[in-house]
Amino acid sequence: MEINKKRFAFIDLYRGWALLFMIETHVFNAFLNQAYKHSQWFDVLTFFNGLIAPSFLFISGFAFTIASSRKVAEFRTYKSEFWRQLWRIGLIFLVGYSLRLPYLSLQKMLHLATPDKLMFFYCVDVLQCIAFGLLLLFIMKLIIKNGKLYNYILTGLSVLLFMTAPLIWQIDFTKYMPLPLANYMNPQNGSLFPLFPWLAFMLSGSVISHYYMEARKTESENMFIKWLLYSGIILIIISSFVLWSHLPVFDYISKVNPSQFFFLVRLGLVILLLALCRYYELWRNTESSVVMDVGRESLLVYWLHLQVIYRRLFNDTTLYKMINENFNVVQCLGATVALCVLMIIAAIAWGQIKKRYKKFSQIAVVGMITGLVIFFLFK
């Protein structure tokens, strides 16, 4: 959802950096030789790369709340803005599942797809989690008109999601619902980002965004950003102590899967990063940058860089299979830089097209998606 670029540049900065580091994560995971992945430094890298998805979820909830605050009255008329928002959410769902298609043909999926391939297709990734979260936030905006009540419910849902996740992860939901729905609940069938606990990051972003907007109205934004900074640091320190102090009293807590305190460590870090991005924006008086260009075209960049790595392009094989985890660290860094540059160029180019030819770009997107859906259905 679009927001005022000058007033909230730090949101695009946050999202842009998250995407660029996501590219690094996918490049190293796909191309780096297995021998390096047993090193201690790779464990550290994996921990920090593990912040990318929570950051992306968090900022999606944060940005939605800011953007929707100006349009909620229009949403409730069920006219053009209502349908535009539904289209955006549907598009994220569509892109998420398209990345997992075993075949670009419905007939092949129905007749050739093995159970393993269908299992892969039904898995819930970060885009599906974001789309579900946006749909939930959107519906709640339509129904709940009291801002305080809305925020209290979101806070309660956030706590419920991460506190009950260890219990939810033990349940085989395929006994009670179809596999595509069961995959939204836990990772038992391969989902990477089920709603428990990952959606809590997005709802937390929405809650914090609400209080941030209140702080802006009362001209206390600086104090609020300081509060965010200190809150993030306190969360990190306390949760890290519980997880890694190895004290007997915390032994059981640290072994719970997924650990509520591991969630809180990550939440503290993504909150801290948000505050630092705001301070960076104020320090540099940032109004435009290539990182912001990437952040504004996040869906395109997310989809496109995965296509480059995993889509069958060269002699019916993928770049991932061609390299076959044979890169060393320097080669992976080079590939990361090259792919980031390519994504920056794509983001800038598409951003300029949308700016100069707004109507044409909208028609082009709808036309391309319609054509691809028809191709998929009738090939």
# chains A, B, ... in the order shown; residues from 1 in each chain; ligands from 1
>>> residues_around(residues="Thr25 of chain A", least_positions_apart="3", cutoff="10 Å", atoms="only C-alpha atoms", output="NGL selection string")
:A and (19-22 or 28-30 or 45-46 or 48-50 or 52 or 336)
>>> write_last_selection(atoms="N, CA and C atoms", output="short mmCIF file (atom, residue, chain, number, x, y, z; two decimals), in the first residue's frame")
data_model
loop_
_atom_site.label_atom_id
_atom_site.label_comp_id
_atom_site.auth_asym_id
_atom_site.auth_seq_id
_atom_site.Cartn_x
_atom_site.Cartn_y
_atom_site.Cartn_z
N LEU A 19 14.97 -6.22 2.02
CA LEU A 19 14.95 -6.96 0.76
C LEU A 19 16.35 -7.24 0.24
N LEU A 20 17.24 -6.26 0.34
CA LEU A 20 18.60 -6.46 -0.14
C LEU A 20 19.32 -7.54 0.67
N PHE A 21 19.10 -7.55 1.98
CA PHE A 21 19.70 -8.60 2.79
C PHE A 21 18.99 -9.94 2.57
N MET A 22 17.72 -9.90 2.17
CA MET A 22 17.03 -11.14 1.81
C MET A 22 17.67 -11.76 0.57
N PHE A 28 23.37 -16.97 -0.58
CA PHE A 28 24.27 -17.80 0.22
C PHE A 28 23.64 -19.18 0.49
N ASN A 29 22.35 -19.23 0.75
CA ASN A 29 21.69 -20.52 0.99
C ASN A 29 21.68 -21.39 -0.26
N ALA A 30 21.54 -20.76 -1.41
CA ALA A 30 21.42 -21.53 -2.66
C ALA A 30 22.77 -21.91 -3.28
N LEU A 45 25.88 -15.80 10.79
CA LEU A 45 25.22 -15.21 9.63
C LEU A 45 23.78 -15.68 9.53
N THR A 46 23.55 -16.97 9.80
CA THR A 46 22.20 -17.53 9.74
C THR A 46 21.28 -16.87 10.76
N PHE A 48 21.49 -13.77 11.96
CA PHE A 48 21.13 -12.42 11.51
C PHE A 48 20.26 -12.47 10.25
N ASN A 49 20.51 -13.45 9.38
CA ASN A 49 19.63 -13.61 8.22
C ASN A 49 18.22 -14.00 8.64
N GLY A 50 18.13 -14.64 9.81
CA GLY A 50 16.82 -15.02 10.33
C GLY A 50 15.97 -13.82 10.76
N ILE A 52 15.45 -11.31 8.69
CA ILE A 52 14.90 -10.69 7.48
C ILE A 52 13.39 -10.88 7.39
N THR A 336 25.82 -11.88 -4.92
CA THR A 336 24.88 -11.05 -4.16
C THR A 336 24.88 -9.62 -4.69
#
>>> residues_around(residues="segment 296-300 of chain A", least_positions_apart="2", cutoff="8 Å", atoms="only C-alpha atoms", output="JSON, numbers by chain")
{"A": [12, 15, 16, 19, 92, 292, 293, 294, 302, 303, 304, 347, 350, 351]}
>>> closest_residue(among="A:Tyr280, A:Phe173, A:Phe376, A:Phe132", to="Leu203 of chain A", atoms="only C-alpha atoms")
A:Phe132
>>> residues_around(residues="Ser254 of chain A", least_positions_apart="6", cutoff="8 Å", atoms="only C-alpha atoms", output="ChimeraX atom specification")
/A:242-244,261
>>> write_last_selection(atoms="C-alpha atoms", output="PDB file, in the first residue's frame")
ATOM      1  CA  VAL A 242      16.830 -16.196  29.433  1.00  0.00           C
ATOM      2  CA  LEU A 243      17.821 -18.151  26.318  1.00  0.00           C
ATOM      3  CA  TRP A 244      21.588 -18.290  26.638  1.00  0.00           C
ATOM      4  CA  PHE A 261      11.842 -15.708  24.130  1.00  0.00           C
TER       5      PHE A 261
END
>>> closest_residue(among="A:Ala18, A:Leu160, A:Glu24, A:Met202", to="Cys332 of chain A", atoms="only C-alpha atoms")
A:Glu24
>>> residues_around(residues="Gln260 of chain A", least_positions_apart="4", cutoff="9 Å", atoms="only C-alpha atoms", output="PyMOL selection string")
chain A and resi 162-166+197+239+253-254+256+264-265
>>> residues_around(residues="segment 369-375 of chain A", least_positions_apart="5", cutoff="10 Å", atoms="only C-alpha atoms", output="list in words")
Leu91, Leu94, Val95, Leu104, Ser105, Leu106, Ile363 and Ala364 of chain A
>>> residues_around(residues="Val330 of chain A", least_positions_apart="2", cutoff="12 Å", atoms="only C-alpha atoms", output="list in words")
Val27, Phe28, Phe31, Leu32, Asn33, Tyr36, Asn326, Phe327, Asn328, Cys332, Leu333, Gly334, Ala335, Thr336 and Val337 of chain A
>>> write_last_selection(atoms="N, CA and C atoms", output="tab-separated table (two decimals), in the first residue's frame")
chain	number	residue	atom	x	y	z
A	27	VAL	N	20.97	-16.03	-1.82
A	27	VAL	CA	22.17	-16.36	-2.61
A	27	VAL	C	23.08	-17.30	-1.83
A	28	PHE	N	23.37	-16.97	-0.58
A	28	PHE	CA	24.27	-17.80	0.22
A	28	PHE	C	23.64	-19.18	0.49
A	31	PHE	N	23.78	-21.04	-3.16
A	31	PHE	CA	25.00	-21.21	-3.92
A	31	PHE	C	26.23	-21.62	-3.10
A	32	LEU	N	26.24	-21.34	-1.79
A	32	LEU	CA	27.45	-21.56	-1.00
A	32	LEU	C	27.72	-23.05	-0.80
A	33	ASN	N	28.97	-23.42	-0.96
A	33	ASN	CA	29.39	-24.81	-0.77
A	33	ASN	C	29.07	-25.27	0.65
A	36	TYR	N	31.33	-24.74	3.84
A	36	TYR	CA	31.34	-23.47	4.58
A	36	TYR	C	30.18	-23.39	5.56
A	326	ASN	N	28.41	-24.76	-5.38
A	326	ASN	CA	29.86	-24.86	-5.60
A	326	ASN	C	30.59	-23.54	-5.40
A	327	PHE	N	29.89	-22.48	-4.99
A	327	PHE	CA	30.53	-21.18	-4.82
A	327	PHE	C	31.25	-21.09	-3.47
A	328	ASN	N	32.37	-20.36	-3.47
A	328	ASN	CA	32.99	-20.01	-2.20
A	328	ASN	C	32.40	-18.69	-1.70
A	332	CYS	N	30.01	-15.93	-3.71
A	332	CYS	CA	28.66	-15.64	-3.22
A	332	CYS	C	28.47	-14.14	-3.01
A	333	LEU	N	29.50	-13.49	-2.47
A	333	LEU	CA	29.42	-12.04	-2.30
A	333	LEU	C	29.28	-11.34	-3.65
A	334	GLY	N	30.04	-11.81	-4.63
A	334	GLY	CA	29.95	-11.24	-5.97
A	334	GLY	C	28.57	-11.44	-6.58
A	335	ALA	N	28.03	-12.66	-6.42
A	335	ALA	CA	26.69	-12.95	-6.94
A	335	ALA	C	25.63	-12.10	-6.24
A	336	THR	N	25.82	-11.88	-4.92
A	336	THR	CA	24.88	-11.05	-4.16
A	336	THR	C	24.88	-9.62	-4.69
A	337	VAL	N	26.08	-9.07	-4.88
A	337	VAL	CA	26.19	-7.70	-5.38
A	337	VAL	C	25.57	-7.59	-6.77
>>> closest_residue(among="A:Ile234, A:His305, A:Phe224, A:Gly90", to="Arg278 of chain A", atoms="only C-alpha atoms")
A:Phe224
>>> atom_distance(atom1="atom CA of Thr317 of chain A", atom2="atom CA of Leu101 of chain A")
15.2 Å
>>> closest_residue(among="A:Trp17, A:Phe138, A:Tyr252, A:Tyr310", to="Val290 of chain A", atoms="only C-alpha atoms")
A:Trp17
>>> closest_residue(among="A:Phe378, A:Phe8, A:Ser240, A:Ile89", to="Asn285 of chain A", atoms="only C-alpha atoms")
A:Phe8
>>> closest_residue(among="A:Leu13, A:Ala182, A:Val301, A:Ile323", to="Leu339 of chain A", atoms="only C-alpha atoms")
A:Val301
